[in-house]
>>> print(open('upload38.cif').read())   # mmCIF, C-alpha atoms (C1' of nucleotides)
data_target
loop_
_atom_site.label_atom_id
_atom_site.label_comp_id
_atom_site.auth_asym_id
_atom_site.auth_seq_id
_atom_site.Cartn_x
_atom_site.Cartn_y
_atom_site.Cartn_z
CA MET I 1 112.35 70.24 101.83
CA SER I 2 112.73 73.83 102.83
CA ARG I 3 113.92 77.26 102.03
CA TRP I 4 116.66 76.89 99.42
CA ASP I 5 115.64 73.54 98.02
CA PRO I 6 114.66 73.57 94.35
CA ASP I 7 111.25 74.14 92.75
CA ALA I 8 109.65 76.31 95.39
CA LYS I 9 106.63 76.93 93.19
CA GLY I 10 106.10 73.24 92.61
CA ARG I 11 106.36 72.50 96.33
CA LEU I 12 103.85 75.21 97.12
CA GLY I 13 101.46 73.77 94.56
CA GLN I 14 101.89 70.26 95.91
CA ALA I 15 101.38 71.40 99.50
CA ALA I 16 98.27 73.32 98.51
CA ARG I 17 96.74 70.37 96.68
CA GLU I 18 97.37 68.08 99.64
CA LEU I 19 95.90 70.50 102.14
CA PHE I 20 92.87 71.28 99.99
CA VAL I 21 92.10 67.57 99.80
CA GLU I 22 92.81 66.97 103.49
CA GLN I 23 90.95 69.87 105.06
CA GLY I 24 89.20 71.77 102.29
CA PHE I 25 89.93 75.04 100.53
CA ASP I 26 88.35 77.34 103.09
CA ARG I 27 90.04 75.95 106.13
CA THR I 28 93.45 76.03 104.53
CA THR I 29 95.27 79.32 104.97
CA VAL I 30 98.10 80.50 102.80
CA ALA I 31 100.28 80.34 105.91
CA ASP I 32 99.43 76.62 106.19
CA ILE I 33 100.45 76.00 102.59
CA ALA I 34 103.70 77.90 102.92
CA ALA I 35 104.56 76.13 106.18
CA ARG I 36 104.09 72.69 104.63
CA ALA I 37 106.31 73.70 101.74
CA GLY I 38 108.93 74.99 104.15
CA LEU I 39 108.48 78.56 102.96
CA THR I 40 106.77 81.73 104.10
CA GLU I 41 103.46 83.29 103.23
CA ARG I 42 105.25 86.14 101.49
CA THR I 43 106.98 83.73 99.14
CA PHE I 44 103.66 82.11 98.25
CA PHE I 45 102.42 85.44 96.98
CA ARG I 46 105.56 85.87 94.92
CA HIS I 47 104.74 82.69 92.99
CA PHE I 48 100.95 82.95 92.85
CA VAL I 49 99.03 86.17 92.50
CA ASP I 50 96.44 84.95 94.98
CA LYS I 51 95.34 81.90 96.92
CA ARG I 52 93.00 80.68 94.19
CA GLU I 53 95.61 80.82 91.49
CA VAL I 54 97.43 77.80 92.90
CA LEU I 55 94.64 75.63 91.46
CA PHE I 56 94.96 77.17 88.00
CA ALA I 57 98.67 77.10 87.34
CA GLY I 58 98.27 75.30 84.02
CA ASP I 59 99.97 78.22 82.36
CA ARG I 60 101.20 76.18 79.47
CA LEU I 61 97.70 75.47 78.28
CA ALA I 62 97.30 78.76 76.47
CA GLU I 63 100.74 78.40 74.89
CA GLN I 64 99.99 74.89 73.74
CA LEU I 65 96.68 75.96 72.26
CA THR I 66 98.38 78.82 70.44
CA ALA I 67 101.05 76.52 69.05
CA SER I 68 98.45 74.00 68.00
CA VAL I 69 96.42 76.61 66.12
CA ALA I 70 99.54 77.96 64.44
CA GLY I 71 100.49 74.48 63.29
CA ALA I 72 97.15 73.50 61.81
CA PRO I 73 97.03 72.72 58.08
CA ALA I 74 95.93 75.49 55.76
CA GLY I 75 92.44 75.62 54.38
CA GLU I 76 90.75 74.12 57.38
CA ARG I 77 87.63 75.64 58.89
CA PRO I 78 88.38 77.86 61.92
CA LEU I 79 86.09 75.88 64.22
CA GLU I 80 87.83 72.67 63.24
CA ILE I 81 91.23 74.18 63.96
CA VAL I 82 90.38 75.33 67.47
CA THR I 83 88.43 72.18 68.24
CA ARG I 84 91.40 70.00 67.45
CA ALA I 85 93.64 72.26 69.50
CA ILE I 86 91.32 71.72 72.45
CA GLU I 87 91.15 67.99 71.88
CA GLU I 88 94.90 67.80 72.06
CA ALA I 89 94.85 69.77 75.30
CA CYS I 90 92.29 67.39 76.77
CA ASP I 91 94.84 64.65 77.16
CA LEU I 92 97.17 66.98 79.01
CA ILE I 93 94.37 68.15 81.28
CA THR I 94 93.10 64.71 82.19
CA ARG I 95 96.50 63.05 82.48
CA ASP I 96 95.90 62.48 86.18
CA ALA I 97 92.22 61.66 86.04
CA GLN I 98 91.81 61.21 89.79
CA TRP I 99 93.26 64.60 90.63
CA SER I 100 91.35 66.22 87.77
CA ARG I 101 88.07 64.98 89.18
CA ARG I 102 88.97 65.93 92.73
CA ARG I 103 90.02 69.34 91.57
CA ALA I 104 86.78 69.75 89.63
CA GLY I 105 84.88 68.88 92.80
CA ILE I 106 86.73 71.48 94.85
CA VAL I 107 86.17 74.12 92.20
CA ALA I 108 82.49 73.26 91.86
CA GLU I 109 81.94 73.71 95.59
CA HIS I 110 83.46 77.19 95.80
CA PRO I 111 81.92 80.10 93.90
CA GLU I 112 85.17 82.07 94.00
CA LEU I 113 86.94 79.18 92.32
CA ARG I 114 84.23 78.78 89.72
CA GLU I 115 84.69 82.45 88.92
CA ARG I 116 88.38 81.93 88.38
CA GLU I 117 87.73 78.89 86.21
CA LEU I 118 85.41 80.87 83.97
CA ALA I 119 87.99 83.63 83.74
CA LYS I 120 90.62 81.09 82.70
CA MET I 121 88.27 79.74 80.04
CA GLY I 122 87.99 83.30 78.79
CA LEU I 123 91.77 83.51 78.50
CA LEU I 124 91.83 80.28 76.52
CA ALA I 125 89.21 81.65 74.17
CA SER I 126 91.26 84.80 73.71
CA ALA I 127 94.37 82.78 72.94
CA LEU I 128 92.52 80.70 70.38
CA SER I 129 90.91 83.76 68.83
CA THR I 130 94.24 85.54 68.53
CA GLY I 131 95.77 82.45 66.97
CA LEU I 132 93.05 82.33 64.35
CA ARG I 133 93.37 86.00 63.54
CA GLU I 134 97.08 85.54 62.98
CA ARG I 135 96.14 83.00 60.35
CA GLY I 136 94.09 85.63 58.58
CA VAL I 137 90.68 84.72 59.93
CA ASP I 138 88.44 87.75 60.30
CA ALA I 139 87.87 89.00 63.84
CA ALA I 140 84.22 88.02 64.21
CA THR I 141 84.69 84.49 62.91
CA ALA I 142 87.78 84.02 65.04
CA GLU I 143 86.03 85.17 68.19
CA LEU I 144 82.90 83.12 67.60
CA SER I 145 84.81 79.96 66.69
CA ALA I 146 87.03 80.26 69.74
CA GLU I 147 84.17 80.97 72.10
CA ALA I 148 82.06 78.15 70.69
CA ALA I 149 84.87 75.65 71.07
CA VAL I 150 85.66 76.75 74.61
CA LEU I 151 81.98 76.58 75.49
CA ALA I 152 81.87 73.03 74.21
CA PHE I 153 84.98 72.20 76.19
CA ARG I 154 83.58 73.68 79.39
CA LEU I 155 80.32 71.75 79.19
CA ALA I 156 82.12 68.58 78.18
CA TYR I 157 84.48 68.94 81.09
CA GLU I 158 81.58 69.36 83.50
CA ARG I 159 79.98 66.19 82.23
CA TRP I 160 83.24 64.28 82.33
CA ALA I 161 84.05 65.39 85.86
CA SER I 162 80.65 64.53 87.26
CA ASP I 163 80.46 61.15 85.53
CA ALA I 164 82.79 58.64 87.15
CA GLU I 165 82.17 56.28 84.23
CA ALA I 166 83.35 58.74 81.60
CA GLN I 167 86.60 57.78 79.95
CA ARG I 168 88.25 60.20 77.56
CA LEU I 169 87.31 63.82 77.52
CA ALA I 170 88.14 64.73 73.94
CA PRO I 171 85.27 62.83 72.28
CA LEU I 172 82.81 64.53 74.60
CA VAL I 173 83.86 67.88 73.18
CA ARG I 174 82.77 66.72 69.73
CA VAL I 175 79.47 65.52 71.16
CA VAL I 176 78.72 68.85 72.77
CA LEU I 177 79.76 70.69 69.64
CA ALA I 178 77.34 68.60 67.62
CA GLU I 179 74.58 69.44 70.09
CA LEU I 180 75.45 73.11 69.76
CA ARG I 181 75.18 72.84 65.98
CA ASP I 182 71.80 71.15 66.28
CA VAL I 183 70.51 73.75 68.70
CA THR I 184 71.59 76.75 66.63
CA GLY I 185 71.07 75.27 63.22
CA MET S 1 70.83 110.93 104.44
CA SER S 2 72.04 108.72 107.22
CA ARG S 3 71.46 105.82 109.51
CA TRP S 4 67.68 105.32 109.64
CA ASP S 5 66.79 106.98 106.36
CA PRO S 6 65.13 104.68 103.83
CA ASP S 7 66.72 102.53 101.13
CA ALA S 8 70.09 101.88 102.70
CA LYS S 9 71.01 99.40 99.98
CA GLY S 10 70.17 101.88 97.26
CA ARG S 11 72.22 104.61 98.94
CA LEU S 12 75.18 102.28 99.27
CA GLY S 13 74.92 101.40 95.59
CA GLN S 14 74.67 105.05 94.59
CA ALA S 15 77.64 106.02 96.77
CA ALA S 16 79.69 103.17 95.35
CA ARG S 17 78.93 104.12 91.75
CA GLU S 18 79.85 107.74 92.40
CA LEU S 19 83.11 106.86 94.12
CA PHE S 20 84.09 104.31 91.49
CA VAL S 21 83.66 106.96 88.81
CA GLU S 22 85.40 109.67 90.83
CA GLN S 23 88.44 107.79 92.07
CA GLY S 24 88.35 104.30 90.61
CA PHE S 25 87.42 100.91 92.01
CA ASP S 26 90.77 100.12 93.62
CA ARG S 27 91.19 103.34 95.49
CA THR S 28 87.70 103.21 96.91
CA THR S 29 87.42 101.29 100.16
CA VAL S 30 84.24 99.84 101.51
CA ALA S 31 84.63 102.24 104.44
CA ASP S 32 84.56 105.15 101.94
CA ILE S 33 81.36 103.88 100.39
CA ALA S 34 79.66 103.37 103.71
CA ALA S 35 80.71 106.79 104.94
CA ARG S 36 79.27 108.54 101.91
CA ALA S 37 76.00 106.66 102.39
CA GLY S 38 75.94 107.65 106.07
CA LEU S 39 76.34 104.04 107.17
CA THR S 40 79.06 101.74 108.47
CA GLU S 41 81.25 99.22 106.76
CA ARG S 42 79.50 96.41 108.60
CA THR S 43 76.16 97.44 107.13
CA PHE S 44 77.61 97.42 103.63
CA PHE S 45 78.47 93.76 104.04
CA ARG S 46 74.95 93.02 105.24
CA HIS S 47 73.56 94.28 101.92
CA PHE S 48 76.29 93.06 99.57
CA VAL S 49 78.19 89.83 99.97
CA ASP S 50 81.41 91.55 98.92
CA LYS S 51 82.76 94.77 97.49
CA ARG S 52 82.41 93.65 93.89
CA GLU S 53 78.79 92.68 94.23
CA VAL S 54 77.69 96.29 94.43
CA LEU S 55 78.27 96.53 90.67
CA PHE S 56 76.16 93.44 89.95
CA ALA S 57 73.03 94.04 91.96
CA GLY S 58 70.73 93.54 88.97
CA ASP S 59 69.18 90.65 90.81
CA ARG S 60 65.89 90.93 89.01
CA LEU S 61 67.47 89.93 85.72
CA ALA S 62 67.36 86.21 86.42
CA GLU S 63 63.78 86.45 87.63
CA GLN S 64 62.73 88.40 84.57
CA LEU S 65 64.41 85.90 82.28
CA THR S 66 62.71 83.02 84.07
CA ALA S 67 59.32 84.71 83.77
CA SER S 68 59.93 85.47 80.13
CA VAL S 69 60.79 81.85 79.35
CA ALA S 70 57.78 80.59 81.26
CA GLY S 71 55.49 82.92 79.32
CA ALA S 72 56.74 82.04 75.85
CA PRO S 73 54.23 80.55 73.41
CA ALA S 74 54.16 76.77 73.08
CA GLY S 75 55.85 75.03 70.19
CA GLU S 76 58.64 77.51 69.81
CA ARG S 77 62.26 76.41 69.44
CA PRO S 78 64.22 76.55 72.72
CA LEU S 79 66.88 78.84 71.29
CA GLU S 80 64.21 81.24 70.09
CA ILE S 81 62.58 81.28 73.52
CA VAL S 82 65.75 82.15 75.42
CA THR S 83 66.90 84.60 72.78
CA ARG S 84 63.71 86.60 73.05
CA ALA S 85 63.97 86.51 76.83
CA ILE S 86 67.41 88.05 76.55
CA GLU S 87 66.28 90.63 74.02
CA GLU S 88 63.64 91.79 76.43
CA ALA S 89 66.22 92.06 79.17
CA CYS S 90 68.49 94.15 76.95
CA ASP S 91 66.24 97.17 77.24
CA LEU S 92 66.31 96.94 81.02
CA ILE S 93 70.08 96.61 81.03
CA THR S 94 70.79 99.52 78.74
CA ARG S 95 68.12 101.81 80.14
CA ASP S 96 70.81 104.22 81.34
CA ALA S 97 73.21 103.90 78.43
CA GLN S 98 75.82 106.26 79.85
CA TRP S 99 76.12 104.42 83.12
CA SER S 100 76.05 101.06 81.34
CA ARG S 101 79.05 102.04 79.25
CA ARG S 102 80.93 103.51 82.20
CA ARG S 103 80.23 100.42 84.21
CA ALA S 104 81.41 98.21 81.37
CA GLY S 105 84.62 100.21 81.28
CA ILE S 106 85.23 99.76 85.00
CA VAL S 107 84.54 96.05 84.76
CA ALA S 108 86.81 95.64 81.75
CA GLU S 109 89.71 97.25 83.58
CA HIS S 110 89.56 94.99 86.62
CA PRO S 111 90.12 91.24 86.30
CA GLU S 112 88.30 90.52 89.55
CA LEU S 113 85.25 92.31 88.18
CA ARG S 114 85.44 90.50 84.86
CA GLU S 115 85.45 87.26 86.82
CA ARG S 116 82.30 88.26 88.62
CA GLU S 117 80.66 89.30 85.36
CA LEU S 118 81.34 85.90 83.83
CA ALA S 119 79.98 84.21 86.93
CA LYS S 120 76.80 86.27 86.65
CA MET S 121 76.46 85.26 83.01
CA GLY S 122 76.70 81.69 84.19
CA LEU S 123 73.85 82.27 86.60
CA LEU S 124 71.73 83.71 83.81
CA ALA S 125 72.45 80.67 81.68
CA SER S 126 71.42 78.42 84.55
CA ALA S 127 68.19 80.33 85.02
CA LEU S 128 67.36 80.07 81.33
CA SER S 129 68.26 76.40 81.22
CA THR S 130 66.08 75.64 84.23
CA GLY S 131 63.23 77.56 82.67
CA LEU S 132 63.47 75.52 79.50
CA ARG S 133 63.58 72.23 81.38
CA GLU S 134 60.42 73.20 83.23
CA ARG S 135 58.78 73.49 79.83
CA GLY S 136 59.77 69.91 79.07
CA VAL S 137 62.91 70.56 77.05
CA ASP S 138 65.51 67.85 77.52
CA ALA S 139 68.49 68.70 79.67
CA ALA S 140 71.15 68.81 76.95
CA THR S 141 69.13 70.96 74.59
CA ALA S 142 68.16 73.29 77.41
CA GLU S 143 71.75 73.74 78.55
CA LEU S 144 73.13 74.28 75.07
CA SER S 145 70.39 76.71 74.05
CA ALA S 146 70.83 78.73 77.22
CA GLU S 147 74.61 78.82 76.99
CA ALA S 148 74.53 79.74 73.30
CA ALA S 149 72.15 82.59 73.91
CA VAL S 150 74.13 83.92 76.86
CA LEU S 151 77.33 83.67 74.84
CA ALA S 152 75.72 85.72 72.10
CA PHE S 153 74.56 88.24 74.66
CA ARG S 154 78.00 88.53 76.23
CA LEU S 155 79.75 89.16 72.93
CA ALA S 156 77.03 91.53 71.78
CA TYR S 157 77.30 93.46 75.01
CA GLU S 158 81.07 93.78 74.61
CA ARG S 159 80.62 95.18 71.14
CA TRP S 160 77.89 97.54 72.22
CA ALA S 161 79.86 98.85 75.19
CA SER S 162 83.01 99.50 73.20
CA ASP S 163 81.22 101.14 70.30
CA ALA S 164 80.00 104.61 71.22
CA GLU S 165 77.97 104.69 68.00
CA ALA S 166 76.02 101.55 68.78
CA GLN S 167 72.36 102.16 69.49
CA ARG S 168 70.18 99.30 70.66
CA LEU S 169 71.73 96.19 72.10
CA ALA S 170 69.02 93.64 71.32
CA PRO S 171 69.56 93.52 67.53
CA LEU S 172 73.26 92.87 68.10
CA VAL S 173 72.39 89.69 69.94
CA ARG S 174 70.66 88.40 66.81
CA VAL S 175 73.67 89.35 64.74
CA VAL S 176 76.07 87.44 66.96
CA LEU S 177 73.73 84.47 67.07
CA ALA S 178 73.67 84.40 63.28
CA GLU S 179 77.48 84.47 63.27
CA LEU S 180 77.51 81.59 65.72
CA ARG S 181 75.21 79.60 63.43
CA ASP S 182 77.44 80.29 60.46
CA VAL S 183 80.56 79.29 62.35
CA THR S 184 79.16 76.02 63.68
CA GLY S 185 76.98 75.14 60.73
"C1'" DT M 1 137.79 86.67 97.26
"C1'" DA M 2 134.88 90.63 96.46
"C1'" DG M 3 130.89 91.88 94.39
"C1'" DG M 4 126.62 91.31 91.86
"C1'" DC M 5 122.19 88.95 91.37
"C1'" DG M 6 118.05 86.44 92.14
"C1'" DA M 7 115.24 84.23 95.60
"C1'" DT M 8 113.68 84.26 100.20
"C1'" DG M 9 112.69 86.02 105.00
"C1'" DA M 10 111.09 89.43 108.27
"C1'" DC M 11 107.96 92.74 109.45
"C1'" DA M 12 104.64 96.23 109.40
"C1'" DG M 13 100.61 97.78 107.42
"C1'" DT M 14 96.08 98.00 104.71
"C1'" DT M 15 91.86 96.03 103.31
"C1'" DT M 16 88.38 92.75 103.00
"C1'" DC M 17 85.24 90.12 105.36
"C1'" DT M 18 83.04 87.68 109.73
"C1'" DG M 19 81.11 86.81 114.39
"C1'" DA M 20 79.07 88.41 118.62
"C1'" DC M 21 76.58 91.46 121.07
"C1'" DA M 22 74.49 96.13 121.99
"C1'" DT M 23 71.43 99.73 120.39
"C1'" DC M 24 67.95 102.08 117.93
"C1'" DA M 25 63.40 102.95 115.55
"C1'" DC M 26 59.08 101.16 114.72
"C1'" DC M 27 55.02 98.30 115.39
"C1'" DT M 28 51.66 95.54 118.07
"C1'" DG M 29 48.73 94.15 121.74
"C1'" DC M 30 46.97 95.51 125.83
"C1'" DG E 1 50.18 105.38 126.70
"C1'" DC E 2 53.36 101.66 127.24
"C1'" DA E 3 55.82 96.90 127.56
"C1'" DG E 4 57.63 93.88 124.48
"C1'" DG E 5 58.97 92.05 120.04
"C1'" DT E 6 61.28 92.61 115.58
"C1'" DG E 7 64.31 94.08 112.09
"C1'" DA E 8 67.99 97.09 110.81
"C1'" DT E 9 72.09 99.24 112.31
"C1'" DG E 10 76.30 100.19 115.24
"C1'" DT E 11 80.42 98.76 117.77
"C1'" DC E 12 84.15 96.00 118.51
"C1'" DA E 13 87.46 92.43 117.96
"C1'" DG E 14 89.68 89.55 114.98
"C1'" DA E 15 91.08 86.38 111.10
"C1'" DA E 16 92.84 86.10 106.68
"C1'" DA E 17 94.31 87.84 102.30
"C1'" DC E 18 97.38 90.62 100.22
"C1'" DT E 19 101.35 94.51 99.62
"C1'" DG E 20 105.57 97.35 100.29
"C1'" DT E 21 110.13 97.61 102.03
"C1'" DC E 22 114.35 96.26 103.37
"C1'" DA E 23 117.56 92.69 105.08
"C1'" DT E 24 119.58 88.22 104.27
"C1'" DC E 25 121.07 84.14 101.98
"C1'" DG E 26 123.21 81.17 98.42
"C1'" DC E 27 125.26 81.09 94.07
"C1'" DC E 28 127.88 82.73 90.21
"C1'" DT E 29 131.45 85.39 88.09
"C1'" DA E 30 135.35 88.41 87.43
#
>>> encode(input="upload38.cif", output="structure tokens")
Amino acid sequence: MSRWDPDAKGRLGQAARELFVEQGFDRTTVADIAARAGLTERTFFRHFVDKREVLFAGDRLAEQLTASVAGAPAGERPLEIVTRAIEEACDLITRDAQWSRRRAGIVAEHPELRERELAKMGLLASALSTGLRERGVDAATAELSAEAAVLAFRLAYERWASDAEAQRLAPLVRVVLAELRDVTG
Amino acid sequence: MSRWDPDAKGRLGQAARELFVEQGFDRTTVADIAARAGLTERTFFRHFVDKREVLFAGDRLAEQLTASVAGAPAGERPLEIVTRAIEEACDLITRDAQWSRRRAGIVAEHPELRERELAKMGLLASALSTGLRERGVDAATAELSAEAAVLAFRLAYERWASDAEAQRLAPLVRVVLAELRDVTG
DNA sequence: TAGGCGATGACAGTTTCTGACATCACCTGC
DNA sequence: GCAGGTGATGTCAGAAACTGTCATCGCCTA
């Protein structure tokens, strides 16, 4: 696998994941990743804006959430719409449970990765909020519903990742959302 | 003002703020900041862990929040405790309204600064959550109350910063919290 | 088969950030 | 007064992350 072989981005991602597991995020340089993928450092930065981004390439998530919100039945409460969109995404996210937990561990250990994760959550909230507004939901309700659902997802994901016994992620989102309702109610 | 004059950290912060306003965050190097403060780049990194941190040096915030939670009257609801703690912090944060708004503008324009801002919000939520648990609140309620209050603060702060007409920040937090209750209820 | 096009390489350069050691100002005990 | 300790700063070298620029490669098409 090198230079002109297909799926350079995928190979870079795979190489990065392997190296992060083998020797940790800090001690892996971008040059290491590129070398394992049979490419150069410069090419890495053409596919990923920075070194951290390789762990957050789930670009389709926002699109899927947007599509899910757009396809929700009429007359439903905004919070219910975005919550179900997130539930559907949960299965995609935790498809490879072992990697998901490993990845969560790596992110948890590195402040700069936690920052990026929070930023990505913010993007998801924006996508959901925009989707709701396009359905005619007023701006404040859209923003609050989206942020509340993403908050629930974030806390649920933390619990899921740190609990080796935990099975499916989606139900945990409902649990956290219920706790949020109790706390604010 | 140079080398052995007092308050090196303060001078670095002041120089950074001036330069960020004058020529933007990107085009200001750490060497520029240090030079204006009469110090060296190396000394900058002894006072701030990285270039971004100079805009987030409000270290006392977490302490003040913790103290505020610890001093709250017994028998109050957790959400009420953390909300009042945040309201008290609002006045500190917006003491210099002009700089607060300028700073918010700089942060909003730079993804890497938005990341850091979100991370700091996370630290505030952790501080509030810990404070609640030390009062005997169960872990889930503490976490949810803290995160809900910080979410309300974050959205309120966004609205305040982007609305030149907005006066005090604290009442906006209550408004957003009420919206959150409506949305989840 | 020539030429256009997109992806990659090569290379130099800037900037951020770190480690190691020297130097300076101040304070303390004698 | 002065030797020595202590904390803050300077100096220097260097790694690593990123960026700009131009050359090169493989493929596709006229």
>>> residues_around(input="upload38.cif", residues="range 1-16 of chain E", least_positions_apart="3", cutoff="8 Å", atoms="only C-alpha atoms (C1' of nucleotides)", output="ChimeraX atom specification")
/I:29 /S:3-4,40,43 /M:22-24
>>> interface_residues(input="upload38.cif", of="chain S", to="chain E", cutoff="12 Å", atoms="all atoms listed in the file", output="list in words")
Ser2, Arg3, Trp4, Asp5, Pro6, Asp7, Ala8, Lys9, Gly38, Leu39, Thr40, Glu41, Arg42, Thr43, Phe44, Phe45, Arg46 and His47 of chain S
>>> residues_around(input="upload38.cif", residues="Ala127 in chain S", least_positions_apart="3", cutoff="9 Å", atoms="all atoms listed in the file", output="JSON, numbers by chain")
{"S": [62, 63, 65, 66, 122, 123, 124, 130, 131, 132, 146]}
>>> closest_atom_pairs(input="upload38.cif", of="chain M", to="chain I", cutoff="12 Å", atoms="only C-alpha atoms (C1' of nucleotides)", output="JSON lines")
{"residue": "M:DA7", "atom": "C1'", "partner": "I:Trp4", "partner_atom": "CA", "distance": 8.4}
{"residue": "M:DT8", "atom": "C1'", "partner": "I:Thr43", "partner_atom": "CA", "distance": 6.8}
{"residue": "M:DG9", "atom": "C1'", "partner": "I:Thr40", "partner_atom": "CA", "distance": 7.4}
{"residue": "M:DA10", "atom": "C1'", "partner": "I:Arg42", "partner_atom": "CA", "distance": 9.5}
{"residue": "M:DC11", "atom": "C1'", "partner": "I:Arg42", "partner_atom": "CA", "distance": 10.7}
>>> resolve_selection(input="upload38.cif", expression="the PyMOL selection byres ((chain S) within 12 of (chain I))", output="compact mmCIF listing (two decimals) with C-alpha atoms, in the coordinates of the input")
# COMPACT_ATOMS: atom_id res chain seq x y z
CA ASP S 50 81.41 91.55 98.92
CA ARG S 52 82.41 93.65 93.89
CA ARG S 77 62.26 76.41 69.44
CA PRO S 78 64.22 76.55 72.72
CA LEU S 79 66.88 78.84 71.29
CA GLU S 80 64.21 81.24 70.09
CA ILE S 81 62.58 81.28 73.52
CA VAL S 82 65.75 82.15 75.42
CA THR S 83 66.90 84.60 72.78
CA HIS S 110 89.56 94.99 86.62
CA PRO S 111 90.12 91.24 86.30
CA GLU S 112 88.30 90.52 89.55
CA LEU S 113 85.25 92.31 88.18
CA ARG S 114 85.44 90.50 84.86
CA GLU S 115 85.45 87.26 86.82
CA ARG S 116 82.30 88.26 88.62
CA GLU S 117 80.66 89.30 85.36
CA LEU S 118 81.34 85.90 83.83
CA ALA S 119 79.98 84.21 86.93
CA LYS S 120 76.80 86.27 86.65
CA MET S 121 76.46 85.26 83.01
CA GLY S 122 76.70 81.69 84.19
CA LEU S 123 73.85 82.27 86.60
CA VAL S 137 62.91 70.56 77.05
CA ASP S 138 65.51 67.85 77.52
CA ALA S 139 68.49 68.70 79.67
CA ALA S 140 71.15 68.81 76.95
CA THR S 141 69.13 70.96 74.59
CA ALA S 142 68.16 73.29 77.41
CA GLU S 143 71.75 73.74 78.55
CA LEU S 144 73.13 74.28 75.07
CA SER S 145 70.39 76.71 74.05
CA ALA S 146 70.83 78.73 77.22
CA GLU S 147 74.61 78.82 76.99
CA ALA S 148 74.53 79.74 73.30
CA ALA S 149 72.15 82.59 73.91
CA VAL S 150 74.13 83.92 76.86
CA LEU S 151 77.33 83.67 74.84
CA ALA S 152 75.72 85.72 72.10
CA ARG S 154 78.00 88.53 76.23
CA LEU S 155 79.75 89.16 72.93
CA ALA S 156 77.03 91.53 71.78
CA GLU S 158 81.07 93.78 74.61
CA ARG S 159 80.62 95.18 71.14
CA ARG S 174 70.66 88.40 66.81
CA VAL S 175 73.67 89.35 64.74
CA VAL S 176 76.07 87.44 66.96
CA LEU S 177 73.73 84.47 67.07
CA ALA S 178 73.67 84.40 63.28
CA GLU S 179 77.48 84.47 63.27
CA LEU S 180 77.51 81.59 65.72
CA ARG S 181 75.21 79.60 63.43
CA ASP S 182 77.44 80.29 60.46
CA VAL S 183 80.56 79.29 62.35
CA THR S 184 79.16 76.02 63.68
CA GLY S 185 76.98 75.14 60.73
>>> atom_distance(input="upload38.cif", atom1="CA of Val173 in chain S", atom2="CA of Leu172 in chain I")
27.6 Å
>>> atom_distance(input="upload38.cif", atom1="CA of Thr94 in chain S", atom2="CA of Arg168 in chain S")
8.1 Å
>>> atom_distance(input="upload38.cif", atom1="CA of Asp32 in chain S", atom2="CA of Ile106 in chain S")
17.8 Å
>>> axis_aligned_box(input="upload38.cif", around="range 12-23 of chain E", padding_each_side="6 Å", output="AutoDock Vina command-line options")
--center_x 100.9 --center_y 91.9 --center_z 109.1 --size_x 45.4 --size_y 23.5 --size_z 30.9
>>> residues_around(input="upload38.cif", residues="Val21 in chain I", least_positions_apart="5", cutoff="9 Å", atoms="all atoms listed in the file", output="list in words")
Ala16, Arg102, Arg103 and Ile106 of chain I
>>> resolve_selection(input="upload38.cif", expression="the PyMOL selection byres ((chain S and resi 167) around 12)", output="PyMOL selection string")
chain S and resi 90-91+94-95+97-98+101+156-157+159-166+168-172
